[in-house]
$ cat target_36.cif   # mmCIF, C-alpha atoms
data_my_file
#
loop_
_atom_site.group_PDB
_atom_site.id
_atom_site.type_symbol
_atom_site.label_atom_id
_atom_site.label_comp_id
_atom_site.auth_asym_id
_atom_site.auth_seq_id
_atom_site.Cartn_x
_atom_site.Cartn_y
_atom_site.Cartn_z
ATOM 1 C CA MET A 7 0.000 0.000 0.000
ATOM 2 C CA GLU A 8 2.864 2.387 0.817
ATOM 3 C CA ALA A 9 4.471 1.703 -2.583
ATOM 4 C CA LEU A 10 1.202 2.534 -4.327
ATOM 5 C CA MET A 11 0.970 5.788 -2.364
ATOM 6 C CA LEU A 12 4.556 6.663 -3.358
ATOM 7 C CA VAL A 13 3.793 6.011 -7.044
ATOM 8 C CA ALA A 14 0.665 8.175 -6.867
ATOM 9 C CA ARG A 15 2.540 11.032 -5.153
ATOM 10 C CA THR A 16 5.330 10.784 -7.730
ATOM 11 C CA ALA A 17 2.844 10.947 -10.616
ATOM 12 C CA ILE A 18 1.035 13.946 -9.133
ATOM 13 C CA LEU A 19 4.255 15.857 -8.467
ATOM 14 C CA TRP A 20 5.682 14.950 -11.884
ATOM 15 C CA LEU A 21 2.556 16.349 -13.529
ATOM 16 C CA THR A 22 2.724 19.459 -11.325
ATOM 17 C CA ALA A 23 6.371 20.065 -12.290
ATOM 18 C CA LEU A 24 5.569 19.625 -16.002
ATOM 19 C CA VAL A 25 2.702 22.110 -15.795
ATOM 20 C CA VAL A 26 4.851 24.635 -13.921
ATOM 21 C CA PHE A 27 7.698 24.313 -16.435
ATOM 22 C CA ARG A 28 5.273 24.831 -19.319
ATOM 23 C CA ILE A 29 3.862 27.941 -17.640
ATOM 24 C CA MET A 30 7.389 29.264 -17.021
ATOM 25 C CA GLY A 31 7.941 29.153 -20.781
ATOM 26 C CA LYS A 32 10.503 27.973 -23.298
ATOM 27 C CA ARG A 33 12.795 30.902 -22.607
ATOM 28 C CA THR A 34 13.493 29.686 -19.076
ATOM 29 C CA LEU A 35 14.598 26.234 -20.146
ATOM 30 C CA GLY A 36 16.232 27.306 -23.398
ATOM 31 C CA LYS A 37 18.403 30.055 -21.914
ATOM 32 C CA MET A 38 19.259 28.930 -18.426
ATOM 33 C CA GLY A 39 20.512 31.932 -16.502
ATOM 34 C CA PRO A 40 21.560 31.759 -12.863
ATOM 35 C CA PHE A 41 18.081 32.519 -11.515
ATOM 36 C CA ASP A 42 16.482 29.997 -13.878
ATOM 37 C CA PHE A 43 18.960 27.336 -12.811
ATOM 38 C CA ALA A 44 18.314 28.022 -9.119
ATOM 39 C CA VAL A 45 14.544 27.721 -9.611
ATOM 40 C CA VAL A 46 14.878 24.416 -11.480
ATOM 41 C CA ILE A 47 17.020 23.006 -8.662
ATOM 42 C CA MET A 48 14.577 24.245 -6.021
ATOM 43 C CA ILE A 49 11.605 22.759 -7.856
ATOM 44 C CA GLY A 50 13.471 19.470 -8.071
ATOM 45 C CA GLU A 51 14.090 19.565 -4.335
ATOM 46 C CA ALA A 52 10.459 20.417 -3.524
ATOM 47 C CA VAL A 53 9.215 17.564 -5.699
ATOM 48 C CA ALA A 54 11.756 15.154 -4.195
ATOM 49 C CA ILE A 55 10.703 16.009 -0.641
ATOM 50 C CA GLY A 56 7.055 15.542 -1.608
ATOM 51 C CA MET A 57 7.845 12.106 -3.063
ATOM 52 C CA GLU A 58 10.074 10.897 -0.236
ATOM 53 C CA ASP A 59 8.330 12.151 2.883
ATOM 54 C CA THR A 60 4.915 10.489 2.916
ATOM 55 C CA ARG A 61 4.176 12.050 6.321
ATOM 56 C CA GLU A 62 4.287 15.517 4.734
ATOM 57 C CA PRO A 63 1.028 16.471 2.973
ATOM 58 C CA ILE A 64 1.537 16.434 -0.801
ATOM 59 C CA ILE A 65 -0.177 19.798 -1.076
ATOM 60 C CA HIS A 66 2.897 21.388 0.542
ATOM 61 C CA ALA A 67 5.154 20.166 -2.279
ATOM 62 C CA ILE A 68 2.578 21.247 -4.875
ATOM 63 C CA ALA A 69 2.304 24.705 -3.274
ATOM 64 C CA ILE A 70 6.093 25.168 -3.176
ATOM 65 C CA THR A 71 6.434 24.068 -6.810
ATOM 66 C CA ALA A 72 3.611 26.368 -7.935
ATOM 67 C CA ALA A 73 5.010 29.296 -5.932
ATOM 68 C CA LEU A 74 8.484 28.858 -7.435
ATOM 69 C CA GLY A 75 6.989 28.636 -10.921
ATOM 70 C CA PHE A 76 4.958 31.790 -10.353
ATOM 71 C CA LEU A 77 7.955 33.690 -8.966
ATOM 72 C CA GLN A 78 10.031 32.658 -11.982
ATOM 73 C CA TRP A 79 7.252 33.680 -14.359
ATOM 74 C CA LEU A 80 6.978 37.030 -12.556
ATOM 75 C CA LEU A 81 10.726 37.600 -12.780
ATOM 76 C CA THR A 82 10.782 36.892 -16.526
ATOM 77 C CA TRP A 83 7.835 39.264 -17.014
ATOM 78 C CA LEU A 84 9.617 41.969 -15.014
ATOM 79 C CA ASN A 85 12.820 41.332 -16.979
ATOM 80 C CA TYR A 86 10.866 41.799 -20.200
ATOM 81 C CA ARG A 87 9.377 45.076 -18.976
ATOM 82 C CA PHE A 88 12.542 46.465 -17.372
ATOM 83 C CA ARG A 89 15.743 45.772 -19.308
ATOM 84 C CA TRP A 90 17.910 47.086 -16.448
ATOM 85 C CA LEU A 91 16.531 44.356 -14.194
ATOM 86 C CA GLU A 92 17.327 41.697 -16.796
ATOM 87 C CA LYS A 93 20.945 42.864 -16.847
ATOM 88 C CA ILE A 94 21.082 42.333 -13.080
ATOM 89 C CA THR A 95 19.307 38.973 -12.932
ATOM 90 C CA GLN A 96 20.516 37.364 -16.159
ATOM 91 C CA GLY A 97 23.852 39.083 -16.750
ATOM 92 C CA GLN A 98 25.272 40.535 -19.947
ATOM 93 C CA ALA A 99 27.271 39.170 -22.838
ATOM 94 C CA ALA A 100 31.022 39.743 -22.711
ATOM 95 C CA THR A 101 33.097 40.241 -25.860
ATOM 96 C CA VAL A 102 35.960 37.727 -25.729
ATOM 97 C CA VAL A 103 37.328 37.901 -29.311
ATOM 98 C CA VAL A 104 37.603 40.936 -31.593
ATOM 99 C CA ASN A 105 38.979 40.588 -35.143
ATOM 100 C CA GLY A 106 40.603 37.264 -34.368
ATOM 101 C CA VAL A 107 42.286 38.520 -31.184
ATOM 102 C CA ILE A 108 41.403 36.939 -27.843
ATOM 103 C CA LYS A 109 40.616 39.487 -25.122
ATOM 104 C CA THR A 110 42.420 37.935 -22.162
ATOM 105 C CA LYS A 111 41.145 40.573 -19.697
ATOM 106 C CA ALA A 112 37.557 39.703 -20.595
ATOM 107 C CA LEU A 113 38.301 35.993 -20.237
ATOM 108 C CA ARG A 114 39.849 36.592 -16.824
ATOM 109 C CA LYS A 115 36.852 38.684 -15.702
ATOM 110 C CA GLU A 116 34.440 35.934 -16.812
ATOM 111 C CA ARG A 117 36.676 33.234 -15.277
ATOM 112 C CA MET A 118 36.936 31.417 -18.595
ATOM 113 C CA SER A 119 40.193 29.814 -19.674
ATOM 114 C CA LYS A 120 41.642 30.234 -23.143
ATOM 115 C CA ALA A 121 41.380 26.442 -23.551
ATOM 116 C CA ASP A 122 37.642 26.573 -22.779
ATOM 117 C CA LEU A 123 37.137 29.378 -25.295
ATOM 118 C CA LEU A 124 39.048 27.519 -28.002
ATOM 119 C CA MET A 125 37.000 24.381 -27.302
ATOM 120 C CA GLU A 126 33.762 26.375 -27.724
ATOM 121 C CA LEU A 127 35.062 27.859 -30.973
ATOM 122 C CA ARG A 128 36.026 24.400 -32.294
ATOM 123 C CA GLN A 129 32.564 23.080 -31.440
ATOM 124 C CA SER A 130 31.002 25.920 -33.438
ATOM 125 C CA GLN A 131 33.524 25.212 -36.242
ATOM 126 C CA ALA A 132 34.844 28.784 -36.063
ATOM 127 C CA LYS A 133 38.447 29.640 -36.858
ATOM 128 C CA LEU A 134 39.980 32.364 -34.719
ATOM 129 C CA LYS A 135 41.380 34.244 -37.741
ATOM 130 C CA ASP A 136 37.916 34.379 -39.354
ATOM 131 C CA ILE A 137 36.110 35.778 -36.295
ATOM 132 C CA LYS A 138 34.996 39.393 -36.305
ATOM 133 C CA GLU A 139 33.532 39.095 -32.799
ATOM 134 C CA ALA A 140 32.812 36.339 -30.309
ATOM 135 C CA ARG A 141 30.783 36.851 -27.157
ATOM 136 C CA LEU A 142 30.296 34.813 -24.041
ATOM 137 C CA GLU A 143 26.531 35.078 -23.649
ATOM 138 C CA ALA A 144 24.709 35.237 -20.320
ATOM 139 C CA SER A 145 23.609 31.634 -20.920
ATOM 140 C CA GLY A 146 27.269 30.532 -20.973
ATOM 141 C CA LYS A 147 27.339 29.800 -24.708
ATOM 142 C CA VAL A 148 29.772 31.496 -27.067
ATOM 143 C CA SER A 149 28.241 33.215 -30.095
ATOM 144 C CA VAL A 150 30.395 34.052 -33.104
ATOM 145 C CA VAL A 151 30.134 36.664 -35.843
ATOM 146 C CA ASN A 152 32.494 35.862 -38.703
ATOM 147 C CA LYS A 153 34.337 38.433 -40.757
ATOM 148 C CA PRO A 154 32.852 39.067 -44.198
ATOM 149 C CA SER A 155 33.970 36.358 -46.619
ATOM 150 C CA GLY A 156 35.985 38.865 -48.695
ATOM 151 C CA SER A 157 38.440 39.580 -45.879
ATOM 152 C CA SER A 158 41.173 37.163 -44.898
ATOM 153 C CA SER A 159 44.011 37.159 -42.401
ATOM 154 C CA SER A 160 46.408 38.427 -45.096
ATOM 155 C CA SER A 161 44.175 41.435 -45.848
ATOM 156 C CA SER A 162 44.725 44.275 -43.402
ATOM 157 C CA SER A 163 42.011 46.504 -44.862
ATOM 158 C CA SER A 164 38.535 46.224 -43.408
ATOM 159 C CA SER A 165 37.000 48.566 -45.971
ATOM 160 C CA SER A 166 34.564 47.134 -48.494
ATOM 161 C CA SER A 167 34.516 50.236 -50.707
ATOM 162 C CA SER A 168 36.770 48.562 -53.271
ATOM 163 C CA LYS A 169 33.928 46.333 -54.461
ATOM 164 C CA LYS A 170 32.864 47.302 -57.954
ATOM 165 C CA GLY A 171 29.376 48.759 -58.300
ATOM 166 C CA GLY A 172 28.540 48.239 -54.614
ATOM 167 C CA GLN A 173 27.484 44.646 -55.289
ATOM 168 C CA LYS A 174 27.349 42.219 -52.433
ATOM 169 C CA PRO A 175 29.330 38.992 -52.676
ATOM 170 C CA PRO A 176 27.285 35.855 -53.364
ATOM 171 C CA LYS A 177 25.866 34.227 -50.257
ATOM 172 C CA SER A 178 27.301 31.011 -48.969
ATOM 173 C CA PRO A 179 24.900 28.035 -48.631
ATOM 174 C CA GLY A 180 24.593 28.696 -44.858
ATOM 175 C CA GLU A 181 23.521 32.307 -45.484
ATOM 176 C CA GLN A 182 20.867 31.543 -48.098
ATOM 177 C CA GLY A 183 17.496 33.054 -47.246
ATOM 178 C CA GLY A 184 14.519 30.777 -47.132
ATOM 179 C CA SER A 185 11.751 29.316 -45.128
ATOM 180 C CA GLY A 186 13.922 28.780 -42.049
ATOM 181 C CA SER A 187 13.122 25.016 -42.019
#

$ encode --input "target_36.cif" --output "structure tokens"
Amino acid sequence: MEALMLVARTAILWLTALVVFRIMGKRTLGKMGPFDFAVVIMIGEAVAIGMEDTREPIIHAIAITAALGFLQWLLTWLNYRFRWLEKITQGQAATVVVNGVIKTKALRKERMSKADLLMELRQSQAKLKDIKEARLEASGKVSVVNKPSGSSSSSSSSSSSSKKGGQKPPKSPGEQGGSGS
């Protein structure tokens, strides 16, 4: 009988957590910032306590989970309305590479090693010499903007005024416009 009660409590709390995560939105799970991460851990703990401690009324675990979900939803709404608050709660991107040059001060400030940065760049198949700018985003991912395809490491000029007739170079297959699959 106790095992059946544990299974029922687990199912109820699992469903509660799923509903709360859906209400919190895709942004929370897709771009885990420090506050998002803390809420997910706390929800996990509340659900675990509700599953393990059968003496504790299950409504307590449901209430904690719902309250955490609501507070997270409220914070994301406030972040949307007040950009200054988002900078405080989610952080800001830090520029770590400019024109193929690693900004060691920025890496030190973000407590990221050069080896970690190079690993992230390899995973995104970016070559340091081809990078116009790379940023360590608030989510912890590195985003890369490549130099225009006409410039190379041997070309010291960043001006594009030498192009005849102001025509743009042909797009590479990755830059092709389309339906966005």

$ atom_distance --input "target_36.cif" --atom1 "atom CA of A:Ala99" --atom2 "atom CA of A:Ala112"
10.5 Å

$ resolve_selection --input "target_36.cif" --expression "the PyMOL selection byres ((chain A and resi 63-80) around 10)" --output "number ranges by chain"
A: 15-16, 18-23, 25-31, 34, 41-42, 44-46, 48-57, 59-62, 81-86

$ atom_distance --input "target_36.cif" --atom1 "atom CA of A:Glu139" --atom2 "atom CA of A:Asn105"
6.1 Å

$ resolve_selection --input "target_36.cif" --expression "the PyMOL selection byres ((chain A and resi 115-132) around 12)" --output "PyMOL selection string"
chain A and resi 97-103+106-114+133-144+146-153

$ write_last_selection --input "target_36.cif" --atoms "C-alpha atoms" --output "PDB file, in the coordinates of the input"
ATOM      1  CA  GLY A  97      23.852  39.083 -16.750  1.00  0.00           C
ATOM      2  CA  GLN A  98      25.272  40.535 -19.947  1.00  0.00           C
ATOM      3  CA  ALA A  99      27.271  39.170 -22.838  1.00  0.00           C
ATOM      4  CA  ALA A 100      31.022  39.743 -22.711  1.00  0.00           C
ATOM      5  CA  THR A 101      33.097  40.241 -25.860  1.00  0.00           C
ATOM      6  CA  VAL A 102      35.960  37.727 -25.729  1.00  0.00           C
ATOM      7  CA  VAL A 103      37.328  37.901 -29.311  1.00  0.00           C
ATOM      8  CA  GLY A 106      40.603  37.264 -34.368  1.00  0.00           C
ATOM      9  CA  VAL A 107      42.286  38.520 -31.184  1.00  0.00           C
ATOM     10  CA  ILE A 108      41.403  36.939 -27.843  1.00  0.00           C
ATOM     11  CA  LYS A 109      40.616  39.487 -25.122  1.00  0.00           C
ATOM     12  CA  THR A 110      42.420  37.935 -22.162  1.00  0.00           C
ATOM     13  CA  LYS A 111      41.145  40.573 -19.697  1.00  0.00           C
ATOM     14  CA  ALA A 112      37.557  39.703 -20.595  1.00  0.00           C
ATOM     15  CA  LEU A 113      38.301  35.993 -20.237  1.00  0.00           C
ATOM     16  CA  ARG A 114      39.849  36.592 -16.824  1.00  0.00           C
ATOM     17  CA  LYS A 133      38.447  29.640 -36.858  1.00  0.00           C
ATOM     18  CA  LEU A 134      39.980  32.364 -34.719  1.00  0.00           C
ATOM     19  CA  LYS A 135      41.380  34.244 -37.741  1.00  0.00           C
ATOM     20  CA  ASP A 136      37.916  34.379 -39.354  1.00  0.00           C
ATOM     21  CA  ILE A 137      36.110  35.778 -36.295  1.00  0.00           C
ATOM     22  CA  LYS A 138      34.996  39.393 -36.305  1.00  0.00           C
ATOM     23  CA  GLU A 139      33.532  39.095 -32.799  1.00  0.00           C
ATOM     24  CA  ALA A 140      32.812  36.339 -30.309  1.00  0.00           C
ATOM     25  CA  ARG A 141      30.783  36.851 -27.157  1.00  0.00           C
ATOM     26  CA  LEU A 142      30.296  34.813 -24.041  1.00  0.00           C
ATOM     27  CA  GLU A 143      26.531  35.078 -23.649  1.00  0.00           C
ATOM     28  CA  ALA A 144      24.709  35.237 -20.320  1.00  0.00           C
ATOM     29  CA  GLY A 146      27.269  30.532 -20.973  1.00  0.00           C
ATOM     30  CA  LYS A 147      27.339  29.800 -24.708  1.00  0.00           C
ATOM     31  CA  VAL A 148      29.772  31.496 -27.067  1.00  0.00           C
ATOM     32  CA  SER A 149      28.241  33.215 -30.095  1.00  0.00           C
ATOM     33  CA  VAL A 150      30.395  34.052 -33.104  1.00  0.00           C
ATOM     34  CA  VAL A 151      30.134  36.664 -35.843  1.00  0.00           C
ATOM     35  CA  ASN A 152      32.494  35.862 -38.703  1.00  0.00           C
ATOM     36  CA  LYS A 153      34.337  38.433 -40.757  1.00  0.00           C
TER      37      LYS A 153
END

$ atom_distance --input "target_36.cif" --atom1 "atom CA of A:Leu24" --atom2 "atom CA of A:Gln96"
23.2 Å

$ decode --input "target_36.cif" --residues "stretch 74-86 of chain A" --atoms "N, CA and C atoms" --output "PDB file, in the first residue's frame"
ATOM      1  N   LEU A  74       7.221  28.645  -6.724  1.00  0.00           N
ATOM      2  CA  LEU A  74       8.484  28.858  -7.435  1.00  0.00           C
ATOM      3  C   LEU A  74       8.247  29.142  -8.918  1.00  0.00           C
ATOM      4  N   GLY A  75       7.323  28.399  -9.518  1.00  0.00           N
ATOM      5  CA  GLY A  75       6.989  28.636 -10.921  1.00  0.00           C
ATOM      6  C   GLY A  75       6.425  30.028 -11.137  1.00  0.00           C
ATOM      7  N   PHE A  76       5.548  30.453 -10.233  1.00  0.00           N
ATOM      8  CA  PHE A  76       4.958  31.790 -10.353  1.00  0.00           C
ATOM      9  C   PHE A  76       6.036  32.867 -10.181  1.00  0.00           C
ATOM     10  N   LEU A  77       6.905  32.698  -9.186  1.00  0.00           N
ATOM     11  CA  LEU A  77       7.955  33.690  -8.966  1.00  0.00           C
ATOM     12  C   LEU A  77       8.889  33.783 -10.178  1.00  0.00           C
ATOM     13  N   GLN A  78       9.186  32.653 -10.785  1.00  0.00           N
ATOM     14  CA  GLN A  78      10.031  32.658 -11.982  1.00  0.00           C
ATOM     15  C   GLN A  78       9.319  33.329 -13.147  1.00  0.00           C
ATOM     16  N   TRP A  79       8.048  33.034 -13.308  1.00  0.00           N
ATOM     17  CA  TRP A  79       7.252  33.680 -14.359  1.00  0.00           C
ATOM     18  C   TRP A  79       7.219  35.192 -14.135  1.00  0.00           C
ATOM     19  N   LEU A  80       7.013  35.605 -12.888  1.00  0.00           N
ATOM     20  CA  LEU A  80       6.978  37.030 -12.556  1.00  0.00           C
ATOM     21  C   LEU A  80       8.321  37.692 -12.862  1.00  0.00           C
ATOM     22  N   LEU A  81       9.403  37.039 -12.509  1.00  0.00           N
ATOM     23  CA  LEU A  81      10.726  37.600 -12.780  1.00  0.00           C
ATOM     24  C   LEU A  81      10.960  37.751 -14.279  1.00  0.00           C
ATOM     25  N   THR A  82      10.578  36.769 -15.072  1.00  0.00           N
ATOM     26  CA  THR A  82      10.782  36.892 -16.526  1.00  0.00           C
ATOM     27  C   THR A  82       9.915  38.008 -17.101  1.00  0.00           C
ATOM     28  N   TRP A  83       8.712  38.174 -16.567  1.00  0.00           N
ATOM     29  CA  TRP A  83       7.835  39.264 -17.014  1.00  0.00           C
ATOM     30  C   TRP A  83       8.454  40.609 -16.660  1.00  0.00           C
ATOM     31  N   LEU A  84       8.961  40.725 -15.433  1.00  0.00           N
ATOM     32  CA  LEU A  84       9.617  41.969 -15.014  1.00  0.00           C
ATOM     33  C   LEU A  84      10.875  42.233 -15.842  1.00  0.00           C
ATOM     34  N   ASN A  85      11.635  41.184 -16.125  1.00  0.00           N
ATOM     35  CA  ASN A  85      12.820  41.332 -16.979  1.00  0.00           C
ATOM     36  C   ASN A  85      12.443  41.843 -18.362  1.00  0.00           C
ATOM     37  N   TYR A  86      11.339  41.363 -18.883  1.00  0.00           N
ATOM     38  CA  TYR A  86      10.866  41.799 -20.200  1.00  0.00           C
ATOM     39  C   TYR A  86      10.490  43.278 -20.164  1.00  0.00           C
TER      40      TYR A  86
END
